[in-house]
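> Got target.cif for you, mmCIF, C-alpha atoms:
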data_upload
#
loop_
_atom_site.label_atom_id
_atom_site.label_comp_id
_atom_site.auth_asym_id
_atom_site.auth_seq_id
_atom_site.Cartn_x
_atom_site.Cartn_y
_atom_site.Cartn_z
CA GLY A 205 33.99 -22.93 -142.20
CA ALA A 206 35.72 -26.18 -141.35
CA GLY A 207 33.96 -28.24 -143.98
CA VAL A 208 31.46 -28.18 -146.80
CA SER A 209 28.07 -27.12 -145.54
CA GLN A 210 24.78 -27.95 -147.26
CA SER A 211 21.29 -26.72 -146.49
CA PRO A 212 18.66 -27.78 -145.92
CA SER A 213 19.65 -31.26 -144.74
CA ASN A 214 16.18 -32.53 -145.60
CA LYS A 215 13.56 -31.13 -147.95
CA VAL A 216 10.08 -32.47 -148.56
CA THR A 217 8.17 -30.88 -151.41
CA GLU A 218 5.13 -31.47 -153.55
CA LYS A 219 5.39 -32.51 -157.16
CA GLY A 220 5.52 -29.45 -159.41
CA LYS A 221 7.11 -27.11 -156.86
CA ASP A 222 10.54 -25.54 -157.27
CA VAL A 223 13.32 -26.21 -154.77
CA GLU A 224 16.65 -24.54 -154.12
CA LEU A 225 19.55 -26.33 -152.49
CA ARG A 226 22.52 -24.47 -151.07
CA CYS A 227 26.20 -25.36 -150.73
CA ASP A 228 28.94 -23.50 -148.86
CA PRO A 229 32.33 -24.88 -149.94
CA ILE A 230 35.56 -24.86 -148.00
CA SER A 231 37.13 -21.41 -148.19
CA GLY A 232 39.76 -21.23 -150.90
CA HIS A 233 38.53 -24.25 -152.84
CA THR A 234 38.23 -23.21 -156.48
CA ALA A 235 36.36 -26.31 -157.64
CA LEU A 236 32.79 -27.09 -156.59
CA TYR A 237 30.73 -30.09 -157.63
CA TRP A 238 27.13 -31.32 -157.42
CA TYR A 239 26.29 -35.02 -157.49
CA ARG A 240 23.03 -36.90 -157.09
CA GLN A 241 22.74 -40.25 -155.33
CA ARG A 242 19.61 -42.36 -155.47
CA LEU A 243 19.02 -44.90 -152.71
CA GLY A 244 21.54 -47.71 -152.81
CA GLN A 245 23.25 -46.42 -155.93
CA GLY A 246 26.45 -44.65 -156.89
CA LEU A 247 26.99 -40.95 -157.44
CA GLU A 248 25.66 -39.35 -160.60
CA PHE A 249 27.59 -36.29 -161.78
CA LEU A 250 25.49 -33.17 -162.30
CA ILE A 251 27.77 -30.14 -162.69
CA TYR A 252 31.05 -28.65 -161.60
CA PHE A 253 32.44 -25.12 -161.33
CA GLN A 254 36.16 -24.38 -161.59
CA GLY A 255 37.38 -20.85 -160.91
CA ASN A 256 36.32 -18.45 -163.64
CA SER A 257 35.95 -21.16 -166.28
CA ALA A 258 32.59 -21.97 -167.78
CA PRO A 259 30.90 -24.67 -165.67
CA ASP A 260 30.62 -28.22 -166.97
CA LYS A 261 26.84 -28.66 -167.10
CA SER A 262 26.95 -31.86 -169.11
CA GLY A 263 25.51 -33.99 -166.28
CA LEU A 264 22.35 -31.99 -165.65
CA PRO A 265 19.52 -34.43 -166.45
CA SER A 266 17.06 -31.90 -167.88
CA ASP A 267 16.46 -28.18 -168.35
CA ARG A 268 14.55 -28.21 -165.06
CA PHE A 269 17.93 -28.34 -163.33
CA SER A 270 20.20 -25.32 -163.05
CA ALA A 271 23.05 -24.24 -160.81
CA GLU A 272 24.92 -21.06 -160.04
CA ARG A 273 28.01 -20.17 -158.11
CA THR A 274 28.91 -16.74 -156.78
CA GLY A 275 32.62 -16.26 -157.38
CA GLU A 276 34.44 -18.94 -155.43
CA SER A 277 31.86 -19.21 -152.68
CA VAL A 278 28.25 -20.28 -152.32
CA SER A 279 26.49 -22.39 -154.94
CA THR A 280 22.79 -23.07 -155.38
CA LEU A 281 21.20 -25.94 -157.26
CA THR A 282 17.67 -25.22 -158.41
CA ILE A 283 15.19 -27.85 -159.54
CA GLN A 284 12.05 -26.47 -161.18
CA ARG A 285 8.73 -28.29 -161.39
CA THR A 286 10.00 -31.18 -159.29
CA GLN A 287 9.08 -34.74 -160.21
CA GLN A 288 9.02 -37.84 -158.04
CA GLU A 289 12.08 -39.21 -159.82
CA ASP A 290 14.03 -36.21 -158.53
CA SER A 291 13.88 -37.73 -155.04
CA ALA A 292 17.47 -38.45 -154.00
CA VAL A 293 20.34 -37.18 -151.88
CA TYR A 294 22.05 -34.21 -153.51
CA LEU A 295 25.71 -34.02 -152.58
CA CYS A 296 27.98 -31.02 -152.92
CA ALA A 297 31.77 -31.22 -152.79
CA SER A 298 34.72 -28.86 -153.18
CA SER A 299 38.42 -29.25 -153.80
CA LEU A 300 41.61 -27.24 -154.22
CA VAL A 301 42.62 -29.07 -157.37
CA LEU A 302 40.05 -30.05 -159.99
CA ASN A 303 38.94 -33.68 -159.62
CA GLU A 304 41.36 -34.45 -156.79
CA LYS A 305 40.61 -35.12 -153.13
CA LEU A 306 37.03 -33.92 -152.98
CA PHE A 307 35.57 -32.85 -149.64
CA PHE A 308 31.87 -33.64 -149.45
CA GLY A 309 29.04 -32.08 -147.50
CA SER A 310 26.46 -34.21 -145.71
CA GLY A 311 23.98 -33.79 -148.53
CA THR A 312 20.37 -32.71 -148.89
CA GLN A 313 17.79 -35.47 -148.83
CA LEU A 314 15.09 -34.39 -151.27
CA SER A 315 11.72 -36.11 -151.17
CA VAL A 316 9.13 -35.23 -153.81
CA LEU A 317 5.63 -36.38 -152.88
CA SER B 221 27.12 -46.39 -168.25
CA GLN B 222 29.43 -46.22 -165.23
CA GLN B 223 33.13 -45.69 -165.87
CA GLY B 224 34.07 -47.52 -162.67
CA GLU B 225 32.53 -50.73 -161.42
CA GLU B 226 33.30 -52.14 -158.00
CA ASP B 227 33.44 -55.81 -157.18
CA PRO B 228 32.06 -57.35 -155.07
CA GLN B 229 28.83 -55.41 -154.51
CA ALA B 230 28.80 -56.56 -150.89
CA LEU B 231 31.43 -58.09 -148.59
CA SER B 232 31.01 -59.38 -145.05
CA ILE B 233 34.04 -60.29 -142.93
CA GLN B 234 35.08 -60.73 -139.31
CA GLU B 235 37.02 -58.13 -137.39
CA GLY B 236 40.75 -58.61 -137.85
CA GLU B 237 40.45 -60.06 -141.35
CA ASN B 238 41.60 -58.26 -144.49
CA ALA B 239 39.09 -56.83 -146.96
CA THR B 240 39.80 -56.52 -150.67
CA MET B 241 37.64 -54.55 -153.07
CA ASN B 242 38.19 -54.19 -156.79
CA CYS B 243 37.39 -51.49 -159.32
CA SER B 244 37.41 -51.84 -163.08
CA TYR B 245 37.11 -48.99 -165.55
CA LYS B 246 36.79 -48.59 -169.29
CA THR B 247 38.88 -45.72 -170.62
CA SER B 248 42.29 -44.16 -169.99
CA ILE B 249 42.49 -42.22 -166.75
CA ASN B 250 44.58 -39.51 -165.10
CA ASN B 251 43.95 -40.75 -161.59
CA LEU B 252 41.83 -43.13 -159.55
CA GLN B 253 40.54 -42.37 -156.09
CA TRP B 254 38.82 -44.33 -153.32
CA TYR B 255 36.18 -42.82 -151.05
CA ARG B 256 34.25 -44.13 -148.05
CA GLN B 257 30.62 -43.36 -147.27
CA ASN B 258 28.92 -43.97 -143.97
CA SER B 259 25.15 -43.99 -143.60
CA GLY B 260 24.42 -42.85 -147.15
CA ARG B 261 25.52 -39.24 -146.73
CA GLY B 262 28.84 -37.43 -147.27
CA LEU B 263 31.84 -39.24 -148.71
CA VAL B 264 35.36 -39.13 -147.29
CA HIS B 265 38.43 -39.24 -149.53
CA LEU B 266 40.76 -42.11 -148.67
CA ILE B 267 43.53 -42.24 -151.23
CA LEU B 268 44.47 -41.10 -154.75
CA ILE B 269 46.71 -43.01 -157.15
CA ARG B 270 47.93 -41.51 -160.42
CA SER B 271 48.11 -43.35 -163.72
CA ASN B 272 51.92 -43.56 -163.55
CA GLU B 273 51.84 -45.15 -160.07
CA ARG B 274 51.34 -48.83 -159.32
CA GLU B 275 50.87 -48.95 -155.56
CA LYS B 276 50.23 -46.59 -152.65
CA HIS B 277 49.85 -47.07 -148.93
CA SER B 278 48.09 -45.06 -146.27
CA GLY B 279 47.90 -46.55 -142.79
CA ARG B 280 45.96 -49.82 -143.08
CA LEU B 281 45.03 -49.06 -146.70
CA ARG B 282 46.87 -50.36 -149.73
CA VAL B 283 45.82 -49.44 -153.26
CA THR B 284 47.13 -50.95 -156.46
CA LEU B 285 46.57 -49.81 -160.03
CA ASP B 286 47.03 -51.89 -163.17
CA THR B 287 46.48 -49.64 -166.17
CA SER B 288 46.98 -52.51 -168.62
CA LYS B 289 44.01 -54.32 -167.08
CA LYS B 290 42.17 -51.08 -166.29
CA SER B 291 41.65 -52.16 -162.71
CA SER B 292 42.45 -51.16 -159.14
CA SER B 293 42.17 -52.85 -155.79
CA LEU B 294 41.74 -51.48 -152.30
CA LEU B 295 43.01 -53.62 -149.44
CA ILE B 296 42.06 -52.84 -145.85
CA THR B 297 44.21 -54.81 -143.43
CA ALA B 298 43.24 -55.85 -139.90
CA SER B 299 39.68 -54.61 -140.39
CA ARG B 300 37.65 -53.07 -137.57
CA ALA B 301 33.92 -52.74 -137.01
CA ALA B 302 34.34 -49.00 -137.68
CA ASP B 303 35.44 -49.82 -141.25
CA THR B 304 31.84 -50.83 -142.00
CA ALA B 305 30.79 -48.51 -144.83
CA SER B 306 30.32 -48.27 -148.59
CA TYR B 307 33.51 -47.85 -150.61
CA PHE B 308 33.54 -46.14 -154.00
CA CYS B 309 36.19 -45.79 -156.64
CA ALA B 310 36.24 -42.64 -158.77
CA THR B 311 38.13 -42.03 -161.97
CA GLU B 312 39.15 -38.93 -163.87
CA GLU B 313 39.24 -39.84 -167.55
CA THR B 314 41.98 -38.36 -169.72
CA SER B 315 39.38 -37.49 -172.35
CA GLY B 316 36.75 -36.07 -170.08
CA SER B 317 36.48 -33.39 -167.47
CA ARG B 318 34.34 -35.05 -164.81
CA LEU B 319 35.15 -37.35 -161.89
CA THR B 320 33.03 -40.48 -162.30
CA PHE B 321 32.06 -42.74 -159.40
CA GLY B 322 31.24 -46.44 -159.43
CA GLU B 323 28.29 -48.14 -157.74
CA GLY B 324 30.24 -49.00 -154.60
CA THR B 325 31.03 -52.01 -152.42
CA GLN B 326 29.16 -52.37 -149.13
CA LEU B 327 31.62 -53.67 -146.54
CA THR B 328 30.36 -55.09 -143.25
CA VAL B 329 32.90 -55.92 -140.56
CA ASN B 330 31.40 -58.09 -137.84
CA PRO B 331 32.78 -57.67 -134.31
#
Translate this structure into structure tokens?

Amino acid sequence: GAGVSQSPSNKVTEKGKDVELRCDPISGHTALYWYRQRLGQGLEFLIYFQGNSAPDKSGLPSDRFSAERTGESVSTLTIQRTQQEDSAVYLCASSLVLNEKLFFGSGTQLSVL
Amino acid sequence: SQQGEEDPQALSIQEGENATMNCSYKTSINNLQWYRQNSGRGLVHLILIRSNEREKHSGRLRVTLDTSKKSSSLLITASRAADTASYFCATEETSGSRLTFGEGTQLTVNP
């Protein structure tokens, strides 16, 4: 595709339910990132994948959060037993070179009621 | 705590004026980048400056980097209403593996 695609664009869920967010990176981009952005705040790093290297999971806020990536394509971010404080925009990005010139998707707005 | 901190938090100017935003960081870096965000969704990369560079230009954008002061500035010349957005600096630390973003500067350009 022409850019990074994220789905769904909006997700409303009830507290305690699991959610799965999807990211399709730009073809050929070896690095893929997930960030979280709460309203009016900066981006909080969650995780990145780089080629066949072990992902850097150091930003995941709790063991309720997990992410996978299939080869150098699609990634899913899963949040189990969602809490109200998980409400935020979840942004995915990809790049050719690690940590340089990231291309971002439009994000998934997650609302936990 | 955030590696990068932008200053000011908010800036309001008239069309045609120049806008200057600053970013300070705490540790040694490999590179510093500036991104723009419209309407709270996806960010757009503007410019990257490496630790061995002092100044870069791209169109109406000028970025400076002072590694001795651990600071960078983004200058937008001859601003337009379409420049209204949030601007974030991001740093890649030499000791770490992640790209860390600041809290952003909200720029409003009034027509």
> Can you list, as a ChimeraX atom specification, every protein, DNA or RNA residue that comes within 10 Å of Ser231 of chain A when you count all atoms listed in the file, leaving out same-chain residues fewer than 5 positions away?
/A:205-208,276-278,298-300
> For chain B, work out the contacting residues on chain A at 7 Å, counting only C-alpha atoms, and write them as a list in words.
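For chain A, the answer reads Gln245, Gly246, Leu247, Phe249, Asn303, Lys305, Leu306, Phe307, Phe308, Gly309, Ser310 and Gly311 of chain A.
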> List as an NGL selection string the protein and nucleic acid residues near Ala302 of chain B, meaning an atom at most 12 Å away when all atoms listed in the file are counted, but skip any in the same chain fewer than 6 places from it.
:B and (234-236 or 256-258 or 296 or 327-331)
> Residues within 12 Å of Val223 of chain A, please, as a list in words. Count all atoms listed in the file; anything in the same chain fewer than 6 positions from it doesn't count.
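Once the nearby chain positions are removed, what remains is Ser211, Pro212, Asn214, Lys215, Val216, Thr217, Arg268, Phe269, Ser270, Ala271, Thr280, Leu281, Thr282, Ile283, Gln284, Arg285, Thr286, Gln287, Asp290, Ser291, Tyr294, Thr312, Gln313, Leu314, Ser315 and Val316 of chain A.
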> Can you pull out the residues contacting Arg242 of chain A? Cut-off 7 Å, using only C-alpha atoms, and skip same-chain residues under 2 positions away; I want them as a list in words.
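With the cut-off at 7 Å, the set is Arg240, Gly244, Gln245, Ala292 and Val293 of chain A.
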> Go ahead and compute the interatomic distance for atom CA of Asp227 of chain B and atom CA of Met241 of chain B, in Å to one decimal.
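A separation of 6.0 Å between them.
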> Any idea what's packed within 10 Å of Thr284 of chain B, counting only C-alpha atoms, ignoring anything in its chain fewer than 3 positions away? Could you give it as a PyMOL selection string?
chain B and resi 242+252+269+273-277+287+291-295
> Hey, can you check how far atom CA of Ser315 of chain B sits from atom CA of Pro259 of chain A?
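Going from atom CA of Ser315 of chain B over to atom CA of Pro259 of chain A, I get 16.8 Å.
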> Take the PyMOL selection byres ((chain A and resi 227) around 6), run it mentally on this structure, and tell me the resulting residues as a list in words.
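Answer for the PyMOL selection byres ((chain A and resi 227) around 6): Ser209, Gln210, Arg226, Asp228, Val278 and Ser279 of chain A.
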> Convert the current residue selection to file output with C-alpha atoms, as a tab-separated table (two decimals), keeping the file's coordinate frame.

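The result, written out as selection_33.tsv:
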chain	number	residue	atom	x	y	z
A	209	SER	CA	28.07	-27.12	-145.54
A	210	GLN	CA	24.78	-27.95	-147.26
A	226	ARG	CA	22.52	-24.47	-151.07
A	228	ASP	CA	28.94	-23.50	-148.86
A	278	VAL	CA	28.25	-20.28	-152.32
A	279	SER	CA	26.49	-22.39	-154.94
> Which value, in Å to one decimal, gives the distance between atom CA of Ala297 of chain A and atom CA of Phe253 of chain A?
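Computing the Euclidean distance for atom CA of Ala297 of chain A and atom CA of Phe253 of chain A yields 10.5 Å.
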> As JSON, what would the box around segment 218-230 of chain A look like: edges along x, y and z, 8 Å added on every side, centre and edge lengths in Å to one decimal?

{"center_x": 20.3, "center_y": -28.0, "center_z": -153.7, "size_x": 46.4, "size_y": 25.0, "size_z": 27.4}
> Pick out the closest residue to Asp260 of chain A from this set: A:Glu289, A:Leu243, A:Gly275, A:Leu302. Count all atoms listed in the file.
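Checking each of A:Glu289, A:Leu243, A:Gly275, A:Leu302 against Asp260 of chain A, counting all atoms listed in the file, the winner is A:Leu302.
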> Would you mind telling me which residue in B:Ser259, B:Ser278, B:Tyr245, B:Ser271 lies nearest to Thr297 of chain B when using all atoms listed in the file?
B:Ser278
> Please enumerate the residues selected by the PyMOL selection byres ((chain A and resi 263) around 7) when evaluated against the supplied file, formatted as a PDB file with C-alpha atoms, keeping the file's coordinate frame.

ATOM      1  CA  PHE A 249      27.590 -36.290-161.780  1.00  0.00           C
ATOM      2  CA  LEU A 250      25.490 -33.170-162.300  1.00  0.00           C
ATOM      3  CA  ILE A 251      27.770 -30.140-162.690  1.00  0.00           C
ATOM      4  CA  LYS A 261      26.840 -28.660-167.100  1.00  0.00           C
ATOM      5  CA  SER A 262      26.950 -31.860-169.110  1.00  0.00           C
ATOM      6  CA  LEU A 264      22.350 -31.990-165.650  1.00  0.00           C
ATOM      7  CA  PRO A 265      19.520 -34.430-166.450  1.00  0.00           C
TER       8      PRO A 265
END
> My list of candidates is A:Thr274, A:Thr234, A:Gln288, A:Ser213. Which is closest to Gly255 of chain A when distances are computed with all atoms listed in the file?
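With all atoms listed in the file as the atom set, the closest residue is A:Thr234.
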> Identify which of the residues B:Arg300, B:Thr240, B:Glu313, B:Ser248 lies closest to Val283 of chain B, counting only C-alpha atoms when measuring atom-to-atom distances.
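Nearest candidate to Val283 of chain B out of B:Arg300, B:Thr240, B:Glu313, B:Ser248: B:Thr240.
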